[in-house]
There are 2 protein chains.
Amino acid sequence: MPLKNTNIVSAAQTKFGALEGVTLREIFSEAVNKATIDAGVPKKDIQAAFIGSFIPEMLIHQGHTAPLLLDFAGLKGLPATRHEAACASGATALRAAVMAIESEMYDTVLVAGVEKMTSVSTSGATEALAAAADDQFESSIGLTFPGVFGLAAVAHMQKYGTTEEDMALVAVKAHKNASTNPLAQFQKEITLEKALTPRYIAWPLKLFDCSPISDGAAALVLTSNDKAKKYTDLPVKITGSGQASASMNLCDRKDLTSFSASVEASKAAYKMAGLEAKDMDFAIVHDCFTIAEIIASEDIGFFRPGEGARAVRDGVTALDGDRPINPMGGLKAVGHPVGATGVKQAVVAYRELIGDAGPNQVAKHDAAVVHNFGGTGATCVVTVMRRGDV
Amino acid sequence: MPLKNTNIVSAAQTKFGALEGVTLREIFSEAVNKATIDAGVPKKDIQAAFIGSFIPEMLIHQGHTAPLLLDFAGLKGLPATRHEAACASGATALRAAVMAIESEMYDTVLVAGVEKMTSVSTSGATEALAAAADDQFESSIGLTFPGVFGLAAVAHMQKYGTTEEDMALVAVKAHKNASTNPLAQFQKEITLEKALTPRYIAWPLKLFDCSPISDGAAALVLTSNDKAKKYTDLPVKITGSGQASASMNLCDRKDLTSFSASVEASKAAYKMAGLEAKDMDFAIVHDCFTIAEIIASEDIGFFRPGEGARAVRDGVTALDGDRPINPMGGLKAVGHPVGATGVKQAVVAYRELIGDAGPNQVAKHDAAVVHNFGGTGATCVVTVMRRGDV
């Protein structure tokens with residue numbers, strides 16, 4: 001049965017990028033203020049907060065982030081919980097908030113995600129990110145994430161004939177979409193030739209196949225049906241929420257061309273929403289690497305296995321294509337402050353659904369699917385959203 | 001309105017202590033197996049998992065722990081989320097699970113908490129724990145937790161005349177109760193004289209005022225009313241759940257003799273349960289330091305402010321007293337594997353409520369309150385539980 005009581009009534013993100021001279025708590029507060037005061041939701045209406053952040057412990061030696069951030073954002077005292085699921089941290093916070101509303105324990109809650117990654121060196125960030133993989137069996141022997149997704153790319157190339165050029169086209173699309181998104185880390189189009197520059201990070205992935213290291217935050221306000229009209233005439237309803245996990249170890253996977261948690265979470269979300277992939281007008285997927293977008297587009301059912309690359313080549317996933325994917329630029333070009341990403345994806349879906357995406361507006365925007373995954377797809381959360389008036 | 005649909009039907013913990021030669025995932029699996037297979041709950045009945053762990057990132061360079069642990073425990077694929085709120089991590093996981101059941105998104109879920117702290121040196125553990133305080137303003141300049149609770153002790157002594165001996169009596173009680181608890185880290189009684197040994201950790205707190213560094217895990221199975229009878233004739237009902245936060249910084253607190261989040265979370269939990277502190281037959285409170293138990297016993301409404309120490313002196317909080325507190329030994333003597341603690345506290349309450357606490361059984365056991373807090377009380381979760389047949 002579709003969820004019936006959960007509405008997004010406001011959504012905002014900070015600029016993503018290397019945000020110098022500001023702290024984690026300041027970035028967080030900016031997103032919260034934009035999603036509350038600036039959006040006409042008084043802070044006093046917020047009853048609880050659900051916060052996604054991945055690894056502030058290693059990036060800024062700070063755990064127990066929920067009360068710290070809440071205090072600085074002017075919401076001291078409220079129940080505040082921090083949710084960690086690597087790159088899916090934001091979506092697990094969102095999902096916990098959905099349960100809070102559906103349980104009727106709260107009416108109006110804040111969901112936020114934040115990460116401050118540029119306080120450490122690139123190698124420091126890579127080491128911190130590696131904590132999302134199995135330290136005992138994988139990351140400790142050097143398999144960091146560019147390597148993991150390089151392996152997935154090789155498997156997809158071998159099984160389906162996907163090429164380096166196909167992956168580069170995902171980057172070209174991402175940069176094109178982000179060029180009109182003022183909150184993106186990279187607002188510059190790139191040519192296919194540039195995307196193919198042979199600066200390999202982990203073969204066959206090159207520099208432009210990888211999402212950047214970023215700072216940023218995003219926030220949403222969720223509320224029940226009764227309260228939604230107080231804030232907006234056009235809420236977005238969360239009607240389906242699915243989550244699944246998989247082994248952390250690649251050695252336990254049968255196949256690297258698909259992520260089982262993505263497939264399972266998508267099925268669960270569509271089933272709950274009473275909809276199918278074909279009913280979705282567009283998708284927001286977790287494109288931490290270009291190959292991840294291609295695989296995700298297949299795992300969420302937009303294309304058959306092995307046909308994601310052709311969809312990119314044919315422009316099907318472009319902003320003006322039949323099945324737009326990541327119409328505002330994705331992790332790849334907008335940036336990937338890890339804990340913020342899952343919430344930011346929901347912010348983008350909200351803006352597109354209510355028709356507030358400006359030059360990045362997709363043509364059809366009644367229903368959307370949002371796919372956020374963590375690590376090597378060991379956690380995946382998929383959310384189905386519909387515009388409230390359809 | 002009291003929560004109506006959430007039942008604990010099984011509960012277990014591992015031995016707490018310095019568990020050598022076993023990994024985080026092995027400790028976790030032991031607790032899960034005890035709370036599922038060994039308790040007559042088939043693993044296939046579990047639909048989702050909610051896991052508390054505080055800081056595996058700094059202790060064993062491992063984040064994204066939920067899918068990793070679930071896989072090793074034979075539950076691969078299920079939705080699994082990790083909850084972090086410093087020492088209250090376990091109770092925030094429990095609370096998320098309560099919302100999952102009450103939302104009717106799941107019928108039967110696992111709640112577990114785990115920490116492996118002895119993989120690093122004592123100073124390494126102290127540094128990791130310090131991430132639970134505000135790094136920007138406090139912990140980075142040397143205020144670690146023994147210091148924080150030393151300040152609270154001084155404030156309580158000054159305001160209410162509490163003495164070092166009063167605090168030592170909390171330790172004596174904890175060790176006495178733990179002496180008959182085979183899962184405790186310390187199963188040895190101590191004399192008052194020994195508890196007063198002037199080996200100061202942070203004046204006025206001495207060695208025996210401090211909970212130890214521990215490894216361990218605990219697990220619960222929660223289920224809806226419909227399903228509960230499948231597993232047990234005597235479920236424990238969670239009827240009230242409250243949570244609150246406070247500033248991380250001590251400099252923003254008006255008073256160190258009480259923790260506002262404990263007071264607020266208690267009020268919310270009692271209100272939801274439709275009960276009062278006087279209706280509680282016993283309490284499980286967060287005694288990370290002896291002074292913390294005294295303050296908590298006041299904050300949860302068992303005693304008036306400043307009267308917690310006298311209650312200890314008079315034996316009111318003893319196992320055979322009128323208002324037993326921590327009847328199996330508390331964090332102080334059973335151990336404090338941080339992420340496990342909030343779940344272990346619920347395990348203890350469950351065992352006492354169903355009359356399964358052996359030599360540690362309290363006389364009256366219809367209703368209990370469980371208090372778990374994080375950092376300097378910046379997060380507090382309070383849970384009210386009742387035996388299902390009363």
# chains A, B, ... in the order shown; residues from 1 in each chain; ligands from 1
>>> interface_residues(of="chain B", to="chain A", cutoff="8 Å", atoms="only C-alpha atoms", output="number ranges by chain")
B: 54-55, 57-58, 60-68, 71, 76-86, 92, 96, 99-105, 131-135, 243-248, 261, 374-375, 378-379
>>> select_by_dssp(residues="segment 80-305 of chain A", states="strand (DSSP E or B)", output="mmCIF file with N, CA and C atoms, in the first residue's frame")
data_model
loop_
_atom_site.group_PDB
_atom_site.id
_atom_site.type_symbol
_atom_site.label_atom_id
_atom_site.label_comp_id
_atom_site.auth_asym_id
_atom_site.auth_seq_id
_atom_site.Cartn_x
_atom_site.Cartn_y
_atom_site.Cartn_z
ATOM 1 N N ALA A 80 17.045 14.579 17.960
ATOM 2 C CA ALA A 80 17.852 14.664 16.739
ATOM 3 C C ALA A 80 18.677 13.404 16.625
ATOM 4 N N THR A 81 18.579 12.745 15.493
ATOM 5 C CA THR A 81 19.344 11.518 15.325
ATOM 6 C C THR A 81 20.215 11.605 14.091
ATOM 7 N N ARG A 82 21.356 10.949 14.154
ATOM 8 C CA ARG A 82 22.293 10.933 13.040
ATOM 9 C C ARG A 82 22.282 9.535 12.421
ATOM 10 N N HIS A 83 22.236 9.505 11.088
ATOM 11 C CA HIS A 83 22.112 8.258 10.347
ATOM 12 C C HIS A 83 23.325 8.102 9.447
ATOM 13 N N GLU A 84 23.957 6.951 9.507
ATOM 14 C CA GLU A 84 25.173 6.724 8.715
ATOM 15 C C GLU A 84 25.027 5.463 7.898
ATOM 16 N N ALA A 85 25.150 5.606 6.602
ATOM 17 C CA ALA A 85 25.159 4.461 5.702
ATOM 18 C C ALA A 85 26.043 4.814 4.509
ATOM 19 N N CYS A 87 27.589 6.565 1.573
ATOM 20 C CA CYS A 87 27.031 7.553 0.638
ATOM 21 C C CYS A 87 25.514 7.552 0.641
ATOM 22 N N THR A 108 5.687 17.073 11.960
ATOM 23 C CA THR A 108 6.542 17.901 11.103
ATOM 24 C C THR A 108 8.000 17.715 11.518
ATOM 25 N N VAL A 109 8.810 17.251 10.594
ATOM 26 C CA VAL A 109 10.205 16.964 10.943
ATOM 27 C C VAL A 109 11.149 17.516 9.881
ATOM 28 N N LEU A 110 12.372 17.701 10.318
ATOM 29 C CA LEU A 110 13.449 18.146 9.428
ATOM 30 C C LEU A 110 14.286 16.939 9.024
ATOM 31 N N VAL A 111 14.641 16.886 7.750
ATOM 32 C CA VAL A 111 15.623 15.913 7.278
ATOM 33 C C VAL A 111 16.772 16.722 6.702
ATOM 34 N N ALA A 112 17.982 16.395 7.093
ATOM 35 C CA ALA A 112 19.113 17.144 6.543
ATOM 36 C C ALA A 112 20.303 16.226 6.360
ATOM 37 N N GLY A 113 21.150 16.591 5.435
ATOM 38 C CA GLY A 113 22.396 15.858 5.214
ATOM 39 C C GLY A 113 23.512 16.851 5.054
ATOM 40 N N VAL A 114 24.703 16.469 5.522
ATOM 41 C CA VAL A 114 25.828 17.410 5.456
ATOM 42 C C VAL A 114 27.151 16.652 5.457
ATOM 43 N N GLU A 115 28.126 17.215 4.764
ATOM 44 C CA GLU A 115 29.493 16.719 4.880
ATOM 45 C C GLU A 115 30.448 17.869 4.567
ATOM 46 N N LYS A 116 31.542 17.900 5.298
ATOM 47 C CA LYS A 116 32.615 18.877 5.065
ATOM 48 C C LYS A 116 33.866 18.041 4.787
ATOM 49 N N TYR A 200 44.010 8.696 -16.101
ATOM 50 C CA TYR A 200 43.344 7.574 -15.442
ATOM 51 C C TYR A 200 43.432 7.679 -13.923
ATOM 52 N N ILE A 201 42.306 7.437 -13.280
ATOM 53 C CA ILE A 201 42.270 7.389 -11.811
ATOM 54 C C ILE A 201 42.341 5.923 -11.397
ATOM 55 N N ALA A 202 41.520 5.104 -12.018
ATOM 56 C CA ALA A 202 41.567 3.647 -11.821
ATOM 57 C C ALA A 202 40.977 3.076 -13.105
ATOM 58 N N LEU A 205 38.439 4.123 -15.514
ATOM 59 C CA LEU A 205 37.860 5.405 -15.093
ATOM 60 C C LEU A 205 38.911 6.507 -15.121
ATOM 61 N N LYS A 206 38.538 7.592 -15.743
ATOM 62 C CA LYS A 206 39.429 8.744 -15.843
ATOM 63 C C LYS A 206 38.897 9.878 -14.970
ATOM 64 N N CYS A 210 34.747 10.566 -12.458
ATOM 65 C CA CYS A 210 34.644 10.519 -10.989
ATOM 66 C C CYS A 210 33.949 11.764 -10.448
ATOM 67 N N ASP A 215 32.096 19.869 -0.249
ATOM 68 C CA ASP A 215 31.406 20.279 0.980
ATOM 69 C C ASP A 215 29.987 20.674 0.593
ATOM 70 N N GLY A 216 29.061 20.496 1.515
ATOM 71 C CA GLY A 216 27.699 20.948 1.212
ATOM 72 C C GLY A 216 26.675 20.340 2.139
ATOM 73 N N ALA A 217 25.483 20.902 2.085
ATOM 74 C CA ALA A 217 24.370 20.410 2.908
ATOM 75 C C ALA A 217 23.066 20.573 2.147
ATOM 76 N N ALA A 218 22.074 19.796 2.554
ATOM 77 C CA ALA A 218 20.746 19.872 1.960
ATOM 78 C C ALA A 218 19.735 19.585 3.052
ATOM 79 N N ALA A 219 18.528 20.105 2.890
ATOM 80 C CA ALA A 219 17.503 19.918 3.927
ATOM 81 C C ALA A 219 16.112 19.881 3.322
ATOM 82 N N LEU A 220 15.249 19.144 3.992
ATOM 83 C CA LEU A 220 13.841 18.993 3.601
ATOM 84 C C LEU A 220 12.989 19.157 4.844
ATOM 85 N N VAL A 221 11.771 19.610 4.661
ATOM 86 C CA VAL A 221 10.782 19.519 5.736
ATOM 87 C C VAL A 221 9.694 18.549 5.282
ATOM 88 N N LEU A 222 9.435 17.554 6.115
ATOM 89 C CA LEU A 222 8.351 16.597 5.861
ATOM 90 C C LEU A 222 7.226 16.873 6.841
ATOM 91 N N THR A 223 6.018 16.698 6.364
ATOM 92 C CA THR A 223 4.900 16.874 7.285
ATOM 93 C C THR A 223 3.717 15.999 6.877
ATOM 94 N N VAL A 236 4.869 17.551 -2.276
ATOM 95 C CA VAL A 236 5.281 16.344 -2.993
ATOM 96 C C VAL A 236 5.070 15.177 -2.039
ATOM 97 N N LYS A 237 4.367 14.153 -2.495
ATOM 98 C CA LYS A 237 4.072 13.021 -1.618
ATOM 99 C C LYS A 237 5.112 11.927 -1.806
ATOM 100 N N ILE A 238 5.614 11.421 -0.688
ATOM 101 C CA ILE A 238 6.462 10.228 -0.748
ATOM 102 C C ILE A 238 5.513 9.045 -0.642
ATOM 103 N N THR A 239 5.411 8.282 -1.732
ATOM 104 C CA THR A 239 4.428 7.188 -1.728
ATOM 105 C C THR A 239 5.076 5.813 -1.628
ATOM 106 N N GLY A 240 6.370 5.737 -1.929
ATOM 107 C CA GLY A 240 7.051 4.446 -1.830
ATOM 108 C C GLY A 240 8.459 4.623 -1.307
ATOM 109 N N SER A 241 8.877 3.724 -0.412
ATOM 110 C CA SER A 241 10.230 3.785 0.134
ATOM 111 C C SER A 241 10.748 2.366 0.269
ATOM 112 N N GLY A 242 11.842 2.064 -0.395
ATOM 113 C CA GLY A 242 12.426 0.729 -0.316
ATOM 114 C C GLY A 242 13.888 0.800 0.087
ATOM 115 N N GLN A 243 14.313 -0.191 0.816
ATOM 116 C CA GLN A 243 15.733 -0.243 1.182
ATOM 117 C C GLN A 243 16.185 -1.690 1.162
ATOM 118 N N ALA A 244 17.431 -1.909 0.796
ATOM 119 C CA ALA A 244 17.996 -3.258 0.843
ATOM 120 C C ALA A 244 19.486 -3.144 1.083
ATOM 121 N N SER A 245 20.079 -4.257 1.490
ATOM 122 C CA SER A 245 21.529 -4.282 1.673
ATOM 123 C C SER A 245 22.126 -5.432 0.865
ATOM 124 N N PHE A 282 11.031 10.786 -14.495
ATOM 125 C CA PHE A 282 12.487 11.008 -14.510
ATOM 126 C C PHE A 282 13.084 10.320 -13.288
ATOM 127 N N ALA A 283 14.400 10.233 -13.273
ATOM 128 C CA ALA A 283 15.080 9.580 -12.151
ATOM 129 C C ALA A 283 16.249 10.423 -11.673
ATOM 130 N N ILE A 284 16.466 10.343 -10.366
ATOM 131 C CA ILE A 284 17.677 10.885 -9.764
ATOM 132 C C ILE A 284 18.445 9.657 -9.282
ATOM 133 N N PHE A 289 30.277 7.597 -9.879
ATOM 134 C CA PHE A 289 31.143 7.442 -11.054
ATOM 135 C C PHE A 289 30.201 7.299 -12.257
#
>>> atom_distance(atom1="atom CA of Val41 of chain B", atom2="atom CA of Ile8 of chain B")
11.7 Å
>>> atom_distance(atom1="atom CA of Ala155 of chain A", atom2="atom CA of Lys254 of chain A")
11.3 Å
>>> residues_around(residues="Ala367 of chain B", least_positions_apart="6", cutoff="8 Å", atoms="only C-alpha atoms", output="list in words")
Asp279, Met280, Asp281, Phe282, Leu353, Val384, Met385, Arg386 and Arg387 of chain B
>>> residues_around(residues="Thr163 of chain B", least_positions_apart="4", cutoff="9 Å", atoms="only C-alpha atoms", output="short mmCIF file (atom, residue, chain, number, x, y, z; two decimals) with C-alpha atoms, in the first residue's frame")
data_model
loop_
_atom_site.label_atom_id
_atom_site.label_comp_id
_atom_site.auth_asym_id
_atom_site.auth_seq_id
_atom_site.Cartn_x
_atom_site.Cartn_y
_atom_site.Cartn_z
CA ALA B 153 30.49 15.97 40.29
CA HIS B 156 26.67 18.48 42.57
CA MET B 157 28.95 18.40 45.61
CA MET B 167 29.73 8.36 44.58
CA ALA B 168 31.85 5.48 45.83
CA ALA B 309 22.95 10.68 46.87
#
>>> atom_distance(atom1="atom CA of Val285 of chain A", atom2="atom CA of Val154 of chain A")
20.4 Å
>>> residues_around(residues="Asp166 of chain A", least_positions_apart="5", cutoff="8 Å", atoms="only C-alpha atoms", output="mmCIF file with N, CA and C atoms, in the first residue's frame")
data_model
loop_
_atom_site.group_PDB
_atom_site.id
_atom_site.type_symbol
_atom_site.label_atom_id
_atom_site.label_comp_id
_atom_site.auth_asym_id
_atom_site.auth_seq_id
_atom_site.Cartn_x
_atom_site.Cartn_y
_atom_site.Cartn_z
ATOM 1 N N ALA A 309 23.885 2.080 -21.486
ATOM 2 C CA ALA A 309 24.854 2.870 -22.244
ATOM 3 C C ALA A 309 24.227 3.390 -23.540
ATOM 4 N N ARG A 310 23.445 2.544 -24.196
ATOM 5 C CA ARG A 310 22.810 2.992 -25.437
ATOM 6 C C ARG A 310 21.848 4.153 -25.165
ATOM 7 N N VAL A 312 22.170 6.445 -23.008
ATOM 8 C CA VAL A 312 22.969 7.673 -22.908
ATOM 9 C C VAL A 312 23.366 8.138 -24.312
ATOM 10 N N ARG A 313 23.878 7.213 -25.108
ATOM 11 C CA ARG A 313 24.300 7.546 -26.482
ATOM 12 C C ARG A 313 23.163 8.164 -27.284
#
>>> residues_around(residues="Asp320 of chain B", least_positions_apart="2", cutoff="12 Å", atoms="only C-alpha atoms", output="PDB file with C-alpha atoms, in the first residue's frame")
ATOM      1  CA  LYS B 173      26.371  -1.205  44.603  1.00  0.00           C
ATOM      2  CA  LYS B 176      27.741  -6.026  44.158  1.00  0.00           C
ATOM      3  CA  ASN B 177      24.959  -6.369  41.584  1.00  0.00           C
ATOM      4  CA  ASP B 281       9.198  -0.297  39.662  1.00  0.00           C
ATOM      5  CA  PHE B 282      12.849   0.102  38.783  1.00  0.00           C
ATOM      6  CA  ASP B 314      19.966   4.651  52.375  1.00  0.00           C
ATOM      7  CA  GLY B 315      19.990   1.632  50.081  1.00  0.00           C
ATOM      8  CA  VAL B 316      16.844   2.776  48.265  1.00  0.00           C
ATOM      9  CA  THR B 317      18.436   2.055  44.882  1.00  0.00           C
ATOM     10  CA  ALA B 318      19.901  -1.312  45.896  1.00  0.00           C
ATOM     11  CA  ASP B 322      12.326   0.330  47.151  1.00  0.00           C
ATOM     12  CA  ARG B 323      13.482   1.857  43.844  1.00  0.00           C
ATOM     13  CA  PRO B 324      16.204  -0.392  42.422  1.00  0.00           C
ATOM     14  CA  ILE B 325      18.512   1.227  39.888  1.00  0.00           C
ATOM     15  CA  ASN B 326      20.767  -0.778  37.586  1.00  0.00           C
ATOM     16  CA  PRO B 327      19.995  -4.087  39.311  1.00  0.00           C
ATOM     17  CA  MET B 328      22.402  -6.091  37.154  1.00  0.00           C
ATOM     18  CA  PRO B 359      19.826 -13.671  41.479  1.00  0.00           C
ATOM     19  CA  ASN B 360      19.479 -10.106  40.158  1.00  0.00           C
ATOM     20  CA  GLN B 361      15.695 -10.195  39.989  1.00  0.00           C
ATOM     21  CA  VAL B 362      13.939  -7.157  41.433  1.00  0.00           C
ATOM     22  CA  ALA B 363      10.873  -7.825  43.553  1.00  0.00           C
ATOM     23  CA  LYS B 364       8.364  -5.646  41.715  1.00  0.00           C
TER      24      LYS B 364
END
>>> residues_around(residues="segment 16-20 of chain A", least_positions_apart="4", cutoff="9 Å", atoms="only C-alpha atoms", output="VMD selection string")
chain A and resid 27 116 to 119 183 to 186 212 to 217 334 to 337
>>> write_last_selection(atoms="N, CA and C atoms", output="PDB file, in the first residue's frame")
ATOM      1  N   ILE A  27      27.621  25.278   7.366  1.00  0.00           N
ATOM      2  CA  ILE A  27      27.048  24.778   6.110  1.00  0.00           C
ATOM      3  C   ILE A  27      25.668  24.186   6.386  1.00  0.00           C
ATOM      4  N   LYS A 116      31.542  17.900   5.298  1.00  0.00           N
ATOM      5  CA  LYS A 116      32.615  18.877   5.065  1.00  0.00           C
ATOM      6  C   LYS A 116      33.866  18.041   4.787  1.00  0.00           C
ATOM      7  N   MET A 117      34.214  17.919   3.514  1.00  0.00           N
ATOM      8  CA  MET A 117      35.255  16.980   3.116  1.00  0.00           C
ATOM      9  C   MET A 117      36.590  17.629   2.776  1.00  0.00           C
ATOM     10  N   THR A 118      36.567  18.921   2.506  1.00  0.00           N
ATOM     11  CA  THR A 118      37.805  19.542   2.022  1.00  0.00           C
ATOM     12  C   THR A 118      38.701  20.037   3.159  1.00  0.00           C
ATOM     13  N   SER A 119      38.341  19.692   4.402  1.00  0.00           N
ATOM     14  CA  SER A 119      39.202  20.060   5.535  1.00  0.00           C
ATOM     15  C   SER A 119      40.442  19.185   5.577  1.00  0.00           C
ATOM     16  N   LEU A 183      24.027  26.037  -8.110  1.00  0.00           N
ATOM     17  CA  LEU A 183      24.475  25.412  -6.864  1.00  0.00           C
ATOM     18  C   LEU A 183      25.475  24.286  -7.124  1.00  0.00           C
ATOM     19  N   ALA A 184      25.797  24.059  -8.395  1.00  0.00           N
ATOM     20  CA  ALA A 184      26.710  22.966  -8.753  1.00  0.00           C
ATOM     21  C   ALA A 184      28.169  23.344  -8.516  1.00  0.00           C
ATOM     22  N   GLN A 185      28.957  22.333  -8.192  1.00  0.00           N
ATOM     23  CA  GLN A 185      30.395  22.538  -8.008  1.00  0.00           C
ATOM     24  C   GLN A 185      31.050  22.905  -9.346  1.00  0.00           C
ATOM     25  N   PHE A 186      30.618  22.238 -10.415  1.00  0.00           N
ATOM     26  CA  PHE A 186      31.168  22.518 -11.756  1.00  0.00           C
ATOM     27  C   PHE A 186      30.053  23.052 -12.644  1.00  0.00           C
ATOM     28  N   PRO A 212      33.472  14.633  -7.630  1.00  0.00           N
ATOM     29  CA  PRO A 212      34.532  15.315  -6.879  1.00  0.00           C
ATOM     30  C   PRO A 212      34.376  15.165  -5.358  1.00  0.00           C
ATOM     31  N   ILE A 213      35.361  15.649  -4.650  1.00  0.00           N
ATOM     32  CA  ILE A 213      35.297  15.785  -3.189  1.00  0.00           C
ATOM     33  C   ILE A 213      34.683  17.152  -2.906  1.00  0.00           C
ATOM     34  N   SER A 214      33.675  17.166  -2.060  1.00  0.00           N
ATOM     35  CA  SER A 214      32.843  18.376  -1.934  1.00  0.00           C
ATOM     36  C   SER A 214      32.438  18.642  -0.491  1.00  0.00           C
ATOM     37  N   ASP A 215      32.096  19.869  -0.249  1.00  0.00           N
ATOM     38  CA  ASP A 215      31.406  20.279   0.980  1.00  0.00           C
ATOM     39  C   ASP A 215      29.987  20.674   0.593  1.00  0.00           C
ATOM     40  N   GLY A 216      29.061  20.496   1.515  1.00  0.00           N
ATOM     41  CA  GLY A 216      27.699  20.948   1.212  1.00  0.00           C
ATOM     42  C   GLY A 216      26.675  20.340   2.139  1.00  0.00           C
ATOM     43  N   ALA A 217      25.483  20.902   2.085  1.00  0.00           N
ATOM     44  CA  ALA A 217      24.370  20.410   2.908  1.00  0.00           C
ATOM     45  C   ALA A 217      23.066  20.573   2.147  1.00  0.00           C
ATOM     46  N   VAL A 334      27.528  18.226  -9.864  1.00  0.00           N
ATOM     47  CA  VAL A 334      27.037  19.112  -8.795  1.00  0.00           C
ATOM     48  C   VAL A 334      27.893  18.954  -7.538  1.00  0.00           C
ATOM     49  N   GLY A 335      28.520  17.766  -7.422  1.00  0.00           N
ATOM     50  CA  GLY A 335      29.354  17.506  -6.260  1.00  0.00           C
ATOM     51  C   GLY A 335      28.751  16.424  -5.373  1.00  0.00           C
ATOM     52  N   HIS A 336      29.578  15.906  -4.472  1.00  0.00           N
ATOM     53  CA  HIS A 336      29.160  14.750  -3.674  1.00  0.00           C
ATOM     54  C   HIS A 336      29.662  14.869  -2.234  1.00  0.00           C
ATOM     55  N   PRO A 337      29.112  15.848  -1.484  1.00  0.00           N
ATOM     56  CA  PRO A 337      29.387  15.884  -0.045  1.00  0.00           C
ATOM     57  C   PRO A 337      28.606  14.725   0.573  1.00  0.00           C
TER      58      PRO A 337
END
>>> closest_residue(among="B:Leu196, B:Gly329, B:Ala228, B:Ile291", to="His175 of chain B", atoms="only C-alpha atoms")
B:Gly329
>>> decode(residues="segment 259-272 of chain A", atoms="N, CA and C atoms", output="PDB file, in the first residue's frame")
ATOM      1  N   PHE A 259      23.787  -4.041  -9.162  1.00  0.00           N
ATOM      2  CA  PHE A 259      23.877  -4.055  -7.706  1.00  0.00           C
ATOM      3  C   PHE A 259      22.557  -4.567  -7.139  1.00  0.00           C
ATOM      4  N   SER A 260      22.618  -5.708  -6.484  1.00  0.00           N
ATOM      5  CA  SER A 260      21.378  -6.366  -6.041  1.00  0.00           C
ATOM      6  C   SER A 260      20.563  -5.474  -5.097  1.00  0.00           C
ATOM      7  N   ALA A 261      21.247  -4.704  -4.259  1.00  0.00           N
ATOM      8  CA  ALA A 261      20.492  -3.847  -3.321  1.00  0.00           C
ATOM      9  C   ALA A 261      19.703  -2.786  -4.080  1.00  0.00           C
ATOM     10  N   SER A 262      20.253  -2.306  -5.195  1.00  0.00           N
ATOM     11  CA  SER A 262      19.518  -1.322  -6.002  1.00  0.00           C
ATOM     12  C   SER A 262      18.273  -1.958  -6.608  1.00  0.00           C
ATOM     13  N   VAL A 263      18.431  -3.173  -7.109  1.00  0.00           N
ATOM     14  CA  VAL A 263      17.299  -3.869  -7.727  1.00  0.00           C
ATOM     15  C   VAL A 263      16.215  -4.137  -6.678  1.00  0.00           C
ATOM     16  N   GLU A 264      16.636  -4.641  -5.522  1.00  0.00           N
ATOM     17  CA  GLU A 264      15.663  -4.996  -4.474  1.00  0.00           C
ATOM     18  C   GLU A 264      14.976  -3.763  -3.890  1.00  0.00           C
ATOM     19  N   ALA A 265      15.760  -2.728  -3.636  1.00  0.00           N
ATOM     20  CA  ALA A 265      15.173  -1.509  -3.060  1.00  0.00           C
ATOM     21  C   ALA A 265      14.199  -0.866  -4.039  1.00  0.00           C
ATOM     22  N   SER A 266      14.547  -0.891  -5.327  1.00  0.00           N
ATOM     23  CA  SER A 266      13.644  -0.327  -6.343  1.00  0.00           C
ATOM     24  C   SER A 266      12.332  -1.101  -6.375  1.00  0.00           C
ATOM     25  N   LYS A 267      12.437  -2.418  -6.411  1.00  0.00           N
ATOM     26  CA  LYS A 267      11.223  -3.249  -6.437  1.00  0.00           C
ATOM     27  C   LYS A 267      10.338  -2.938  -5.239  1.00  0.00           C
ATOM     28  N   ALA A 268      10.961  -2.836  -4.069  1.00  0.00           N
ATOM     29  CA  ALA A 268      10.194  -2.575  -2.843  1.00  0.00           C
ATOM     30  C   ALA A 268       9.521  -1.204  -2.907  1.00  0.00           C
ATOM     31  N   ALA A 269      10.236  -0.213  -3.417  1.00  0.00           N
ATOM     32  CA  ALA A 269       9.673   1.146  -3.474  1.00  0.00           C
ATOM     33  C   ALA A 269       8.539   1.223  -4.482  1.00  0.00           C
ATOM     34  N   TYR A 270       8.734   0.634  -5.665  1.00  0.00           N
ATOM     35  CA  TYR A 270       7.658   0.648  -6.673  1.00  0.00           C
ATOM     36  C   TYR A 270       6.432  -0.099  -6.151  1.00  0.00           C
ATOM     37  N   LYS A 271       6.687  -1.257  -5.523  1.00  0.00           N
ATOM     38  CA  LYS A 271       5.576  -2.055  -5.023  1.00  0.00           C
ATOM     39  C   LYS A 271       4.763  -1.267  -3.991  1.00  0.00           C
ATOM     40  N   MET A 272       5.486  -0.626  -3.075  1.00  0.00           N
ATOM     41  CA  MET A 272       4.771   0.145  -2.057  1.00  0.00           C
ATOM     42  C   MET A 272       3.962   1.271  -2.699  1.00  0.00           C
TER      43      MET A 272
END
